[in-house]
Amino acid sequence: MFLILVSLGFYATLDAKHLPLLLFSVVVNFLLGMRLQRAVEERKREIAASALPPRNDEMEGLPRLSLRGFSHGNLNDEERDCRASLAVTEQWQERDCRALRLPRRLCLLAMTRWSNDAKVLLVLAVVFNLALLGASKYIVGFSVLSALGISFFTFHQLAYHVDIYRGRFRASGFLEYLLFVAFFPHMIAGPIVRPAQFMPQLAENSFKKSKIAMGVMFFSIGLFKKTVFADGAAKIADRVFEGSAGVGFFEAWSGVLAYGMQIYFDFSGYADMAIGVGLLFGIYLPLNFKNPYKATSMIEFWRRWHITLSDFVRDYLYIPLGGNRHGKFRQGVAILVAMTLIGVWHGSAWSFVAWGFLHGAALGVNHLFRGFFVERKREIAAPALPPRNNGVGRDDWEEKERDCRASLAMTRGVVKAGGFVMTFTTVMLLWVLFRSESFEAAIVFYKKLFLFDKSIALFEGWWMLVLGYAVIFFGRSAAEIVGYGMDCRACHCEASAVAISMTEQERDCRASLAMTESVAMTESVAMTEKKLGIMDGVLVGVVLFLAFKMMMGEPSRSFVYFVF
């Protein structure tokens, strides 16, 4: 109850007039979730009843059903096994049917989606939330519904309904659900949290010294990012973009780099502060950034940038649209649709639509080239080394092996460097669409970027960009400093930056995740906590001093993602 009051009070201080809208949305979604849960359970009971074999005296007239292994004597045992399996797995899978030797027809029935009632309720929940979001952001005259953080708490509630429908999560009590939606660190600007990550922590919540120390560290670094780097870069970006008509080639590029630095430090700074505050209250929140500007491909960039949004769109939109299971063309269409909708989610201006669509196009091209390089790598690797001859010419073979590995390492390094340059340049150029007031303004600004002039002069604040990008490329993130969630499950099964195909580690990781779909955040983060020492305390003191000094000099700007 304390956390609920704190969260609602925090929201009221920022956007009190929309607090009734938030509560109305929570109540409606909670009632829909409870009804959806009942519909799912009713369907499960129907499946469990139909999946049980008839008794021996009822088996006449059913010669086509395969009922091997069942007899009158062991019916009760099989019934208990059947119901136990249903209770444990929460949803039927083909291996459960095979283990119980059930007919294939009943297996297909059990693996189908739930009854029409559940489907209707899910559609109703999705329509209600998307209608509220769409009316508040995209329909003129409905701006009164534009509540702070509506984009994020709408996604939280959609994930809640879909996970109940899929059998991955059971509906909880009203207070738990209210806290899940309104928990103030993640409600306004993310990270987007799944119910199975958040809810179990409420029952197991415990305050530890290590959590408090990590929370202070995260919050301090996030505040430093925001007040020093993000606000410092914002001055340069605002000056360039607001006076774009009179800027030259170098000034235009300085504005692009400044905005890229601003939005990264602003958004990742907020994410660090949110994780820090969550830890102070004993709640683990997922990482949202993992050094995205170090990515060497667009695929890797979106595995590192706004990670929880990428995962949400992948699981609830991209995969249902077909994913990579139906050929390259279908995959490309799914990527374009998903990324375009991400652009629309950020705003209704055509510049946001273009930003999302072009990111989708870049991802599609990346997937095509990755497939090409996989085939090329196989062609090169096959004849690269001669076969061993049972010890004959062993020295020659080892020398050729060393030469081959050295050549591959050099090629991999070149590919990695080229991929980094192309990815960073693409991301920076597309930030112009994100920052510009309109699509027409973005076109004007692009002309400035590609019309070279001979005037070269250091712009005001150039040192801030140099220092900021030095921290981005050579510094460590807060998660790396603290040791927060830096294992396979927490990094979302991310392959190596230079890997062209799925690695063995990623396959093992995905297999592990498939076996444990719904786990508490304490398991999915798998904390690798380290003991914070004196130097960490000194770092906290220095960054807090600099952050408060900057805040005393001039008021801090609002976070960029507060408007979405």
# chains A, B, ... in the order shown; residues from 1 in each chain; ligands from 1
$ residues_around --residues "Ser438 in chain A" --least-positions-apart "3" --cutoff "12 Å" --atoms "only C-alpha atoms" --output "mmCIF file with C-alpha atoms, in the first residue's frame"
data_model
loop_
_atom_site.group_PDB
_atom_site.id
_atom_site.type_symbol
_atom_site.label_atom_id
_atom_site.label_comp_id
_atom_site.auth_asym_id
_atom_site.auth_seq_id
_atom_site.Cartn_x
_atom_site.Cartn_y
_atom_site.Cartn_z
ATOM 1 C CA PHE A 241 17.964 22.723 -35.255
ATOM 2 C CA GLY A 347 4.110 10.466 -32.576
ATOM 3 C CA SER A 348 1.661 11.142 -35.380
ATOM 4 C CA ALA A 349 3.948 13.385 -37.460
ATOM 5 C CA TRP A 350 5.108 11.998 -40.797
ATOM 6 C CA SER A 351 8.702 12.417 -39.632
ATOM 7 C CA PHE A 352 8.129 9.751 -36.946
ATOM 8 C CA VAL A 353 6.486 7.441 -39.482
ATOM 9 C CA ALA A 354 9.441 7.872 -41.841
ATOM 10 C CA TRP A 355 11.901 7.320 -38.986
ATOM 11 C CA VAL A 432 17.236 14.149 -37.893
ATOM 12 C CA LEU A 433 13.714 12.873 -38.630
ATOM 13 C CA PHE A 434 13.144 12.241 -34.938
ATOM 14 C CA ARG A 435 14.255 15.741 -33.885
ATOM 15 C CA ALA A 441 12.041 20.668 -41.902
ATOM 16 C CA ALA A 442 13.942 17.386 -41.913
ATOM 17 C CA ILE A 443 14.399 17.557 -45.706
ATOM 18 C CA VAL A 444 15.788 21.091 -45.396
ATOM 19 C CA PHE A 445 18.198 19.957 -42.706
#
$ residues_around --residues "range 270-285 of chain A" --least-positions-apart "6" --cutoff "8 Å" --atoms "only C-alpha atoms" --output "VMD selection string"
chain A and resid 185 to 186 189 to 191 193 198 201 to 202 205 to 208 211 to 212 214 to 223 226 478 521 to 522 525 559
$ residues_around --residues "Phe473 in chain A" --least-positions-apart "3" --cutoff "12 Å" --atoms "only C-alpha atoms" --output "ChimeraX atom specification"
/A:261,290-295,420,424,466-470,476-477
$ atom_distance --atom1 "CA of Lys447 in chain A" --atom2 "CA of Ala237 in chain A"
16.9 Å
$ closest_residue --among "A:Gly323, A:Leu449, A:Glu460, A:Lys225" --to "Arg239 in chain A" --atoms "only C-alpha atoms"
A:Glu460
$ residues_around --residues "range 115-128 of chain A" --least-positions-apart "5" --cutoff "10 Å" --atoms "only C-alpha atoms" --output "CSV table (one decimal) with all heavy atoms, in the first residue's frame"
chain,number,residue,atom,x,y,z
A,25,SER,N,-8.5,3.7,-16.4
A,25,SER,CA,-7.9,2.7,-17.2
A,25,SER,C,-7.5,1.5,-16.4
A,25,SER,O,-7.7,0.3,-16.9
A,25,SER,CB,-6.7,3.3,-17.9
A,25,SER,OG,-6.0,2.4,-18.7
A,28,VAL,N,-10.8,-0.6,-15.5
A,28,VAL,CA,-11.3,-1.3,-16.6
A,28,VAL,C,-10.5,-2.5,-17.0
A,28,VAL,O,-10.9,-3.6,-17.2
A,28,VAL,CB,-11.5,-0.3,-17.8
A,28,VAL,CG1,-12.0,-1.1,-19.0
A,28,VAL,CG2,-12.6,0.7,-17.4
A,29,ASN,N,-9.2,-2.3,-17.1
A,29,ASN,CA,-8.3,-3.3,-17.5
A,29,ASN,C,-8.2,-4.4,-16.5
A,29,ASN,O,-8.1,-5.6,-16.8
A,29,ASN,CB,-6.9,-2.8,-17.8
A,29,ASN,CG,-6.7,-2.2,-19.1
A,29,ASN,OD1,-6.6,-2.8,-20.1
A,29,ASN,ND2,-6.8,-0.8,-19.2
A,30,PHE,N,-8.3,-4.1,-15.2
A,30,PHE,CA,-8.3,-5.1,-14.1
A,30,PHE,C,-9.5,-6.0,-14.3
A,30,PHE,O,-9.4,-7.3,-14.2
A,30,PHE,CB,-8.3,-4.5,-12.8
A,30,PHE,CG,-8.5,-5.5,-11.6
A,30,PHE,CD1,-7.4,-6.3,-11.3
A,30,PHE,CD2,-9.7,-5.5,-11.0
A,30,PHE,CE1,-7.6,-7.3,-10.3
A,30,PHE,CE2,-9.8,-6.4,-9.9
A,30,PHE,CZ,-8.8,-7.3,-9.6
A,31,LEU,N,-10.7,-5.4,-14.5
A,31,LEU,CA,-11.9,-6.2,-14.6
A,31,LEU,C,-11.9,-7.1,-15.9
A,31,LEU,O,-12.3,-8.2,-15.9
A,31,LEU,CB,-13.1,-5.3,-14.7
A,31,LEU,CG,-13.4,-4.5,-13.4
A,31,LEU,CD1,-14.6,-3.5,-13.6
A,31,LEU,CD2,-13.7,-5.4,-12.2
A,32,LEU,N,-11.4,-6.5,-17.0
A,32,LEU,CA,-11.2,-7.3,-18.2
A,32,LEU,C,-10.2,-8.5,-18.0
A,32,LEU,O,-10.4,-9.6,-18.4
A,32,LEU,CB,-10.7,-6.4,-19.3
A,32,LEU,CG,-11.7,-5.5,-19.9
A,32,LEU,CD1,-11.1,-4.5,-20.9
A,32,LEU,CD2,-12.9,-6.3,-20.7
A,33,GLY,N,-9.1,-8.2,-17.2
A,33,GLY,CA,-8.2,-9.3,-17.0
A,33,GLY,C,-8.7,-10.4,-16.1
A,33,GLY,O,-8.5,-11.6,-16.4
A,35,ARG,N,-11.9,-11.3,-15.9
A,35,ARG,CA,-12.9,-12.0,-16.8
A,35,ARG,C,-12.1,-12.9,-17.8
A,35,ARG,O,-12.5,-14.0,-18.1
A,35,ARG,CB,-13.8,-11.1,-17.5
A,35,ARG,CG,-14.9,-11.8,-18.3
A,35,ARG,CD,-15.8,-12.6,-17.4
A,35,ARG,NE,-16.7,-13.5,-18.1
A,35,ARG,CZ,-16.5,-14.7,-18.5
A,35,ARG,NH1,-15.3,-15.3,-18.2
A,35,ARG,NH2,-17.3,-15.4,-19.1
A,36,LEU,N,-11.1,-12.4,-18.3
A,36,LEU,CA,-10.3,-13.1,-19.3
A,36,LEU,C,-9.6,-14.4,-18.6
A,36,LEU,O,-9.6,-15.4,-19.2
A,36,LEU,CB,-9.2,-12.2,-19.9
A,36,LEU,CG,-8.2,-12.9,-20.9
A,36,LEU,CD1,-8.9,-13.4,-22.1
A,36,LEU,CD2,-7.1,-11.9,-21.3
A,37,GLN,N,-9.2,-14.2,-17.4
A,37,GLN,CA,-8.6,-15.3,-16.6
A,37,GLN,C,-9.6,-16.4,-16.4
A,37,GLN,O,-9.4,-17.6,-16.5
A,37,GLN,CB,-8.1,-14.8,-15.3
A,37,GLN,CG,-7.4,-15.9,-14.4
A,37,GLN,CD,-6.1,-16.4,-15.1
A,37,GLN,OE1,-5.2,-15.7,-15.3
A,37,GLN,NE2,-6.1,-17.7,-15.3
A,38,ARG,N,-10.9,-16.0,-16.1
A,38,ARG,CA,-11.9,-17.0,-15.8
A,38,ARG,C,-12.2,-17.7,-17.1
A,38,ARG,O,-12.5,-19.0,-17.1
A,38,ARG,CB,-13.2,-16.3,-15.3
A,38,ARG,CG,-13.1,-15.9,-13.8
A,38,ARG,CD,-14.5,-15.7,-13.3
A,38,ARG,NE,-15.1,-14.5,-13.9
A,38,ARG,CZ,-15.0,-13.3,-13.4
A,38,ARG,NH1,-14.2,-13.0,-12.4
A,38,ARG,NH2,-15.6,-12.3,-14.0
A,39,ALA,N,-12.3,-17.0,-18.3
A,39,ALA,CA,-12.5,-17.7,-19.6
A,39,ALA,C,-11.4,-18.7,-19.9
A,39,ALA,O,-11.7,-19.8,-20.4
A,39,ALA,CB,-12.7,-16.6,-20.7
A,40,VAL,N,-10.2,-18.3,-19.6
A,40,VAL,CA,-9.1,-19.2,-19.9
A,40,VAL,C,-9.2,-20.4,-19.0
A,40,VAL,O,-9.0,-21.6,-19.5
A,40,VAL,CB,-7.7,-18.5,-19.7
A,40,VAL,CG1,-6.6,-19.5,-19.7
A,40,VAL,CG2,-7.5,-17.4,-20.8
A,41,GLU,N,-9.5,-20.3,-17.8
A,41,GLU,CA,-9.6,-21.4,-16.9
A,41,GLU,C,-10.7,-22.3,-17.2
A,41,GLU,O,-10.6,-23.5,-17.1
A,41,GLU,CB,-9.7,-20.9,-15.4
A,41,GLU,CG,-8.4,-20.3,-14.9
A,41,GLU,CD,-8.6,-19.7,-13.5
A,41,GLU,OE1,-9.8,-19.7,-13.0
A,41,GLU,OE2,-7.6,-19.4,-12.9
A,42,GLU,N,-11.8,-21.7,-17.7
A,42,GLU,CA,-13.0,-22.6,-18.1
A,42,GLU,C,-12.6,-23.4,-19.3
A,42,GLU,O,-12.9,-24.6,-19.4
A,42,GLU,CB,-14.2,-21.7,-18.4
A,42,GLU,CG,-14.8,-21.0,-17.2
A,42,GLU,CD,-15.9,-20.0,-17.6
A,42,GLU,OE1,-16.1,-19.8,-18.8
A,42,GLU,OE2,-16.4,-19.3,-16.7
A,43,ARG,N,-11.9,-22.8,-20.2
A,43,ARG,CA,-11.5,-23.6,-21.4
A,43,ARG,C,-10.5,-24.7,-21.0
A,43,ARG,O,-10.5,-25.8,-21.6
A,43,ARG,CB,-10.8,-22.6,-22.4
A,43,ARG,CG,-10.4,-23.3,-23.7
A,43,ARG,CD,-11.6,-24.0,-24.4
A,43,ARG,NE,-11.3,-24.5,-25.7
A,43,ARG,CZ,-12.0,-25.4,-26.3
A,43,ARG,NH1,-13.1,-25.9,-25.7
A,43,ARG,NH2,-11.6,-25.9,-27.5
A,44,LYS,N,-9.6,-24.4,-20.1
A,44,LYS,CA,-8.7,-25.4,-19.6
A,44,LYS,C,-9.4,-26.6,-19.0
A,44,LYS,O,-9.0,-27.7,-19.2
A,44,LYS,CB,-7.7,-24.8,-18.6
A,44,LYS,CG,-6.6,-23.9,-19.2
A,44,LYS,CD,-5.7,-23.4,-18.1
A,44,LYS,CE,-4.6,-22.5,-18.6
A,44,LYS,NZ,-3.7,-22.0,-17.6
A,46,GLU,N,-12.4,-27.5,-19.7
A,46,GLU,CA,-13.0,-28.3,-20.8
A,46,GLU,C,-12.0,-29.2,-21.5
A,46,GLU,O,-12.3,-30.3,-21.9
A,46,GLU,CB,-13.6,-27.3,-21.8
A,46,GLU,CG,-14.8,-26.5,-21.3
A,46,GLU,CD,-15.3,-25.4,-22.3
A,46,GLU,OE1,-14.7,-25.4,-23.4
A,46,GLU,OE2,-16.1,-24.6,-22.0
A,133,LEU,N,-5.2,5.2,-26.3
A,133,LEU,CA,-3.9,5.7,-26.7
A,133,LEU,C,-4.0,6.5,-28.0
A,133,LEU,O,-3.5,7.6,-28.1
A,133,LEU,CB,-2.9,4.6,-26.9
A,133,LEU,CG,-1.5,4.9,-27.4
A,133,LEU,CD1,-0.8,5.8,-26.4
A,133,LEU,CD2,-0.7,3.7,-27.6
A,134,GLY,N,-4.7,6.0,-29.0
A,134,GLY,CA,-4.8,6.7,-30.3
A,134,GLY,C,-5.6,8.0,-30.1
A,134,GLY,O,-5.2,9.0,-30.7
A,154,THR,N,0.1,2.0,-21.2
A,154,THR,CA,-0.8,1.2,-22.1
A,154,THR,C,-0.1,-0.1,-22.5
A,154,THR,O,-0.7,-1.2,-22.6
A,154,THR,CB,-1.1,2.0,-23.4
A,154,THR,OG1,-1.9,3.2,-23.0
A,154,THR,CG2,-1.9,1.2,-24.4
A,155,PHE,N,1.2,-0.1,-22.8
A,155,PHE,CA,1.9,-1.3,-23.2
A,155,PHE,C,2.0,-2.3,-22.0
A,155,PHE,O,2.0,-3.5,-22.2
A,155,PHE,CB,3.3,-0.9,-23.7
A,155,PHE,CG,3.3,-0.6,-25.2
A,155,PHE,CD1,2.2,-0.3,-25.9
A,155,PHE,CD2,4.5,-0.6,-25.9
A,155,PHE,CE1,2.2,0.0,-27.2
A,155,PHE,CE2,4.6,-0.3,-27.3
A,155,PHE,CZ,3.4,0.0,-27.9
A,157,GLN,N,-0.3,-2.7,-19.8
A,157,GLN,CA,-1.6,-3.4,-19.7
A,157,GLN,C,-1.8,-4.3,-20.8
A,157,GLN,O,-2.5,-5.4,-20.6
A,157,GLN,CB,-2.6,-2.3,-19.5
A,157,GLN,CG,-2.4,-1.4,-18.3
A,157,GLN,CD,-3.6,-0.5,-18.0
A,157,GLN,OE1,-4.4,-0.8,-17.1
A,157,GLN,NE2,-3.7,0.6,-18.7
A,158,LEU,N,-1.4,-4.0,-22.0
A,158,LEU,CA,-1.5,-4.9,-23.1
A,158,LEU,C,-0.7,-6.2,-22.9
A,158,LEU,O,-1.2,-7.3,-23.1
A,158,LEU,CB,-1.0,-4.3,-24.4
A,158,LEU,CG,-1.9,-3.2,-25.0
A,158,LEU,CD1,-1.3,-2.5,-26.2
A,158,LEU,CD2,-3.3,-3.8,-25.4
A,159,ALA,N,0.5,-6.1,-22.4
A,159,ALA,CA,1.3,-7.3,-22.1
A,159,ALA,C,0.6,-8.1,-21.0
A,159,ALA,O,0.6,-9.4,-21.1
A,159,ALA,CB,2.7,-6.8,-21.6
A,161,HIS,N,-2.7,-8.5,-20.5
A,161,HIS,CA,-3.8,-9.3,-21.1
A,161,HIS,C,-3.3,-10.4,-22.0
A,161,HIS,O,-3.8,-11.5,-21.9
A,161,HIS,CB,-4.7,-8.3,-21.9
A,161,HIS,CG,-5.5,-7.4,-21.0
A,161,HIS,ND1,-6.4,-7.8,-20.1
A,161,HIS,CD2,-5.4,-6.0,-21.0
A,161,HIS,CE1,-6.9,-6.7,-19.5
A,161,HIS,NE2,-6.3,-5.6,-20.0
A,162,VAL,N,-2.3,-10.1,-22.8
A,162,VAL,CA,-1.8,-11.1,-23.8
A,162,VAL,C,-1.2,-12.3,-23.0
A,162,VAL,O,-1.4,-13.4,-23.4
A,162,VAL,CB,-0.8,-10.5,-24.8
A,162,VAL,CG1,-0.2,-11.6,-25.7
A,162,VAL,CG2,-1.5,-9.4,-25.6
A,164,ILE,N,-1.9,-13.3,-20.0
A,164,ILE,CA,-3.0,-14.1,-19.4
A,164,ILE,C,-3.6,-15.0,-20.5
A,164,ILE,O,-3.8,-16.2,-20.3
A,164,ILE,CB,-4.1,-13.2,-18.8
A,164,ILE,CG1,-3.5,-12.5,-17.5
A,164,ILE,CG2,-5.3,-14.0,-18.4
A,164,ILE,CD1,-4.5,-11.6,-16.9
A,165,TYR,N,-3.9,-14.5,-21.7
A,165,TYR,CA,-4.5,-15.2,-22.8
A,165,TYR,C,-3.6,-16.4,-23.2
A,165,TYR,O,-4.1,-17.5,-23.5
A,165,TYR,CB,-4.7,-14.3,-23.9
A,165,TYR,CG,-5.3,-15.0,-25.1
A,165,TYR,CD1,-6.7,-15.3,-25.2
A,165,TYR,CD2,-4.5,-15.2,-26.3
A,165,TYR,CE1,-7.2,-16.0,-26.3
A,165,TYR,CE2,-5.1,-15.8,-27.4
A,165,TYR,CZ,-6.4,-16.2,-27.4
A,165,TYR,OH,-6.9,-16.8,-28.5
$ residues_around --residues "Ser310 in chain A" --least-positions-apart "5" --cutoff "10 Å" --atoms "only C-alpha atoms" --output "number ranges by chain"
A: 192, 288, 302-305, 315, 318, 338-339, 342
$ write_last_selection --atoms "N, CA and C atoms" --output "mmCIF file, in the first residue's frame"
data_model
loop_
_atom_site.group_PDB
_atom_site.id
_atom_site.type_symbol
_atom_site.label_atom_id
_atom_site.label_comp_id
_atom_site.auth_asym_id
_atom_site.auth_seq_id
_atom_site.Cartn_x
_atom_site.Cartn_y
_atom_site.Cartn_z
ATOM 1 N N ILE A 192 9.709 -0.986 -20.063
ATOM 2 C CA ILE A 192 8.459 -1.729 -20.168
ATOM 3 C C ILE A 192 8.658 -3.076 -19.486
ATOM 4 N N ASN A 288 17.518 -1.399 -19.943
ATOM 5 C CA ASN A 288 16.907 -0.844 -21.150
ATOM 6 C C ASN A 288 17.937 -0.417 -22.184
ATOM 7 N N TRP A 302 19.335 -2.491 -32.219
ATOM 8 C CA TRP A 302 18.015 -2.621 -31.617
ATOM 9 C C TRP A 302 17.968 -3.687 -30.536
ATOM 10 N N ARG A 303 19.015 -4.487 -30.391
ATOM 11 C CA ARG A 303 19.135 -5.368 -29.236
ATOM 12 C C ARG A 303 19.737 -4.637 -28.040
ATOM 13 N N ARG A 304 20.278 -3.460 -28.301
ATOM 14 C CA ARG A 304 20.930 -2.685 -27.248
ATOM 15 C C ARG A 304 20.172 -1.405 -26.905
ATOM 16 N N TRP A 305 19.374 -0.878 -27.836
ATOM 17 C CA TRP A 305 18.673 0.394 -27.630
ATOM 18 C C TRP A 305 17.223 0.109 -27.241
ATOM 19 N N ASP A 315 7.837 -9.831 -29.387
ATOM 20 C CA ASP A 315 7.004 -10.918 -28.854
ATOM 21 C C ASP A 315 5.526 -10.740 -29.172
ATOM 22 N N TYR A 318 5.932 -8.710 -33.983
ATOM 23 C CA TYR A 318 6.776 -9.279 -35.038
ATOM 24 C C TYR A 318 6.577 -10.790 -35.172
ATOM 25 N N ALA A 338 6.369 -3.706 -38.051
ATOM 26 C CA ALA A 338 6.680 -3.522 -36.635
ATOM 27 C C ALA A 338 7.414 -2.210 -36.399
ATOM 28 N N MET A 339 8.420 -1.900 -37.215
ATOM 29 C CA MET A 339 9.201 -0.692 -36.999
ATOM 30 C C MET A 339 8.407 0.565 -37.349
ATOM 31 N N ILE A 342 6.356 1.316 -34.438
ATOM 32 C CA ILE A 342 7.172 1.940 -33.393
ATOM 33 C C ILE A 342 7.290 3.434 -33.652
#
$ select_by_dssp --residues "range 196-311 of chain A" --states "alpha helix (DSSP H)" --output "ChimeraX atom specification"
/A:196-204,209-224,231-242,249-280,298-304,307-311
$ atom_distance --atom1 "CA of Trp462 in chain A" --atom2 "CA of Glu554 in chain A"
19.8 Å
$ closest_residue --among "A:Ala213, A:Glu242, A:Gly167, A:Leu178" --to "Ile534 in chain A" --atoms "only C-alpha atoms"
A:Ala213
$ closest_residue --among "A:Thr13, A:Gly419, A:Met1, A:His156" --to "Val26 in chain A" --atoms "only C-alpha atoms"
A:His156
$ decode --residues "range 345-359 of chain A" --atoms "N, CA, C and O atoms" --output "PDB file, in the first residue's frame"
ATOM      1  N   TRP A 345       4.035   5.010 -32.769  1.00  0.00           N
ATOM      2  CA  TRP A 345       3.900   5.034 -31.312  1.00  0.00           C
ATOM      3  C   TRP A 345       4.558   6.275 -30.719  1.00  0.00           C
ATOM      4  O   TRP A 345       4.086   6.835 -29.720  1.00  0.00           O
ATOM      5  N   HIS A 346       5.645   6.736 -31.336  1.00  0.00           N
ATOM      6  CA  HIS A 346       6.332   7.922 -30.821  1.00  0.00           C
ATOM      7  C   HIS A 346       5.592   9.215 -31.148  1.00  0.00           C
ATOM      8  O   HIS A 346       5.737  10.202 -30.424  1.00  0.00           O
ATOM      9  N   GLY A 347       4.834   9.249 -32.223  1.00  0.00           N
ATOM     10  CA  GLY A 347       4.110  10.466 -32.576  1.00  0.00           C
ATOM     11  C   GLY A 347       3.411  10.319 -33.912  1.00  0.00           C
ATOM     12  O   GLY A 347       3.702   9.422 -34.697  1.00  0.00           O
ATOM     13  N   SER A 348       2.470  11.236 -34.168  1.00  0.00           N
ATOM     14  CA  SER A 348       1.661  11.142 -35.380  1.00  0.00           C
ATOM     15  C   SER A 348       2.266  11.878 -36.567  1.00  0.00           C
ATOM     16  O   SER A 348       1.757  11.757 -37.680  1.00  0.00           O
ATOM     17  N   ALA A 349       3.335  12.644 -36.357  1.00  0.00           N
ATOM     18  CA  ALA A 349       3.948  13.385 -37.460  1.00  0.00           C
ATOM     19  C   ALA A 349       4.560  12.415 -38.471  1.00  0.00           C
ATOM     20  O   ALA A 349       5.016  11.326 -38.118  1.00  0.00           O
ATOM     21  N   TRP A 350       4.557  12.856 -39.745  1.00  0.00           N
ATOM     22  CA  TRP A 350       5.108  11.998 -40.797  1.00  0.00           C
ATOM     23  C   TRP A 350       6.595  11.737 -40.590  1.00  0.00           C
ATOM     24  O   TRP A 350       7.128  10.714 -41.046  1.00  0.00           O
ATOM     25  N   SER A 351       7.277  12.634 -39.894  1.00  0.00           N
ATOM     26  CA  SER A 351       8.702  12.417 -39.632  1.00  0.00           C
ATOM     27  C   SER A 351       8.909  11.184 -38.748  1.00  0.00           C
ATOM     28  O   SER A 351       9.854  10.415 -38.949  1.00  0.00           O
ATOM     29  N   PHE A 352       8.027  10.947 -37.776  1.00  0.00           N
ATOM     30  CA  PHE A 352       8.129   9.751 -36.946  1.00  0.00           C
ATOM     31  C   PHE A 352       7.817   8.496 -37.762  1.00  0.00           C
ATOM     32  O   PHE A 352       8.466   7.458 -37.583  1.00  0.00           O
ATOM     33  N   VAL A 353       6.821   8.583 -38.629  1.00  0.00           N
ATOM     34  CA  VAL A 353       6.486   7.441 -39.482  1.00  0.00           C
ATOM     35  C   VAL A 353       7.675   7.087 -40.374  1.00  0.00           C
ATOM     36  O   VAL A 353       8.044   5.906 -40.515  1.00  0.00           O
ATOM     37  N   ALA A 354       8.285   8.103 -40.974  1.00  0.00           N
ATOM     38  CA  ALA A 354       9.441   7.872 -41.841  1.00  0.00           C
ATOM     39  C   ALA A 354      10.617   7.308 -41.048  1.00  0.00           C
ATOM     40  O   ALA A 354      11.341   6.421 -41.527  1.00  0.00           O
ATOM     41  N   TRP A 355      10.813   7.821 -39.838  1.00  0.00           N
ATOM     42  CA  TRP A 355      11.901   7.320 -38.986  1.00  0.00           C
ATOM     43  C   TRP A 355      11.730   5.827 -38.717  1.00  0.00           C
ATOM     44  O   TRP A 355      12.683   5.050 -38.861  1.00  0.00           O
ATOM     45  N   GLY A 356      10.533   5.415 -38.336  1.00  0.00           N
ATOM     46  CA  GLY A 356      10.304   3.997 -38.074  1.00  0.00           C
ATOM     47  C   GLY A 356      10.430   3.151 -39.327  1.00  0.00           C
ATOM     48  O   GLY A 356      11.035   2.071 -39.301  1.00  0.00           O
ATOM     49  N   PHE A 357       9.870   3.628 -40.435  1.00  0.00           N
ATOM     50  CA  PHE A 357       9.921   2.860 -41.681  1.00  0.00           C
ATOM     51  C   PHE A 357      11.367   2.677 -42.147  1.00  0.00           C
ATOM     52  O   PHE A 357      11.759   1.572 -42.569  1.00  0.00           O
ATOM     53  N   LEU A 358      12.171   3.722 -42.085  1.00  0.00           N
ATOM     54  CA  LEU A 358      13.557   3.623 -42.544  1.00  0.00           C
ATOM     55  C   LEU A 358      14.388   2.725 -41.624  1.00  0.00           C
ATOM     56  O   LEU A 358      15.296   2.027 -42.091  1.00  0.00           O
ATOM     57  N   HIS A 359      14.096   2.738 -40.331  1.00  0.00           N
ATOM     58  CA  HIS A 359      14.776   1.792 -39.448  1.00  0.00           C
ATOM     59  C   HIS A 359      14.389   0.357 -39.826  1.00  0.00           C
ATOM     60  O   HIS A 359      15.233  -0.549 -39.803  1.00  0.00           O
TER      61      HIS A 359
END
